[in-house]
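These notes concern the structure reproduced below.
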Amino acid sequence: MNAESDGRDGVAGSTATEPGTGGDTDERELGSRAPQYIQERRTLHLSWQVGVFVVGLAVVAAGVVMLPLPGPGWLVIFGGMAIWATEFVWAQLVLRWTKRKVTEAAQKALDPKVRRRNIILTTVGLVIIAVLVGIYLWKFGVVMPWKINE
């Protein structure tokens, strides 16, 4: 946490509450998290933002490439969004919305009725797949795609 004075007889970042301290929200203020030295110089801050955007774009692009290929695609995409969120308000808002939706989905998934329904649907789906595989094997048998005997 940043403990420097913000010039208003307070501590910088004091408007954000820490988790578990009883505040209404644990979300930080929106805006740039660049060092104060960089924020005070417009050209330096603009080049800082361009650098953050390029790095975030590279990470997001790597995540998009990992979606069809092996790798943690969505995790890397959210990592790129987190990089962008250090500098851009729109990315901070998207990340807040995403965190809220993931939390809601996790809480909903822990509901006993929803869990029971999901277990039943999964079991029915697996039984259907097993029956279809059994019918296929009964009708066509197991045929290997290579010829070992030759």
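Identifiers in the structure tokens: chain A, B, ... in order shown; residue index from 1 per chain; ligand index from 1 in order shown.
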Give me the residues near region 98-108 of chain A as a ChimeraX atom specification, where near means some atom within 12 Å (using only C-alpha atoms) and where sequence neighbours in that chain fewer than 2 positions away do not count. /A:25-27,78,81-82,91-96,110-115,117-118
Would you mind listing what lies within 9 Å of Gly31 (chain A) as a ChimeraX atom specification, with only C-alpha atoms counted and same-chain residues fewer than 5 positions away left out? /A:85-89,92
Interatomic distance between CA of Gly125 (chain A) and CA of Gly141 (chain A)? 22.6 Å
Which distance in Å separates CA of Leu30 (chain A) and CA of Gly56 (chain A), to one decimal?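 Between CA of Leu30 (chain A) and CA of Gly56 (chain A) the gap works out to 17.8 Å.
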Option closest in space to Ile77 (chain A), from A:Gly63, A:Gly51, A:Pro35, A:Gly134 [counting only C-alpha atoms]: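 Of A:Gly63, A:Gly51, A:Pro35, A:Gly134, the one nearest Ile77 (chain A), counting only C-alpha atoms, is A:Gly63.
Across the structure, CA of Ala34 (chain A) and CA of Val52 (chain A) are spaced 9.9 Å apart.
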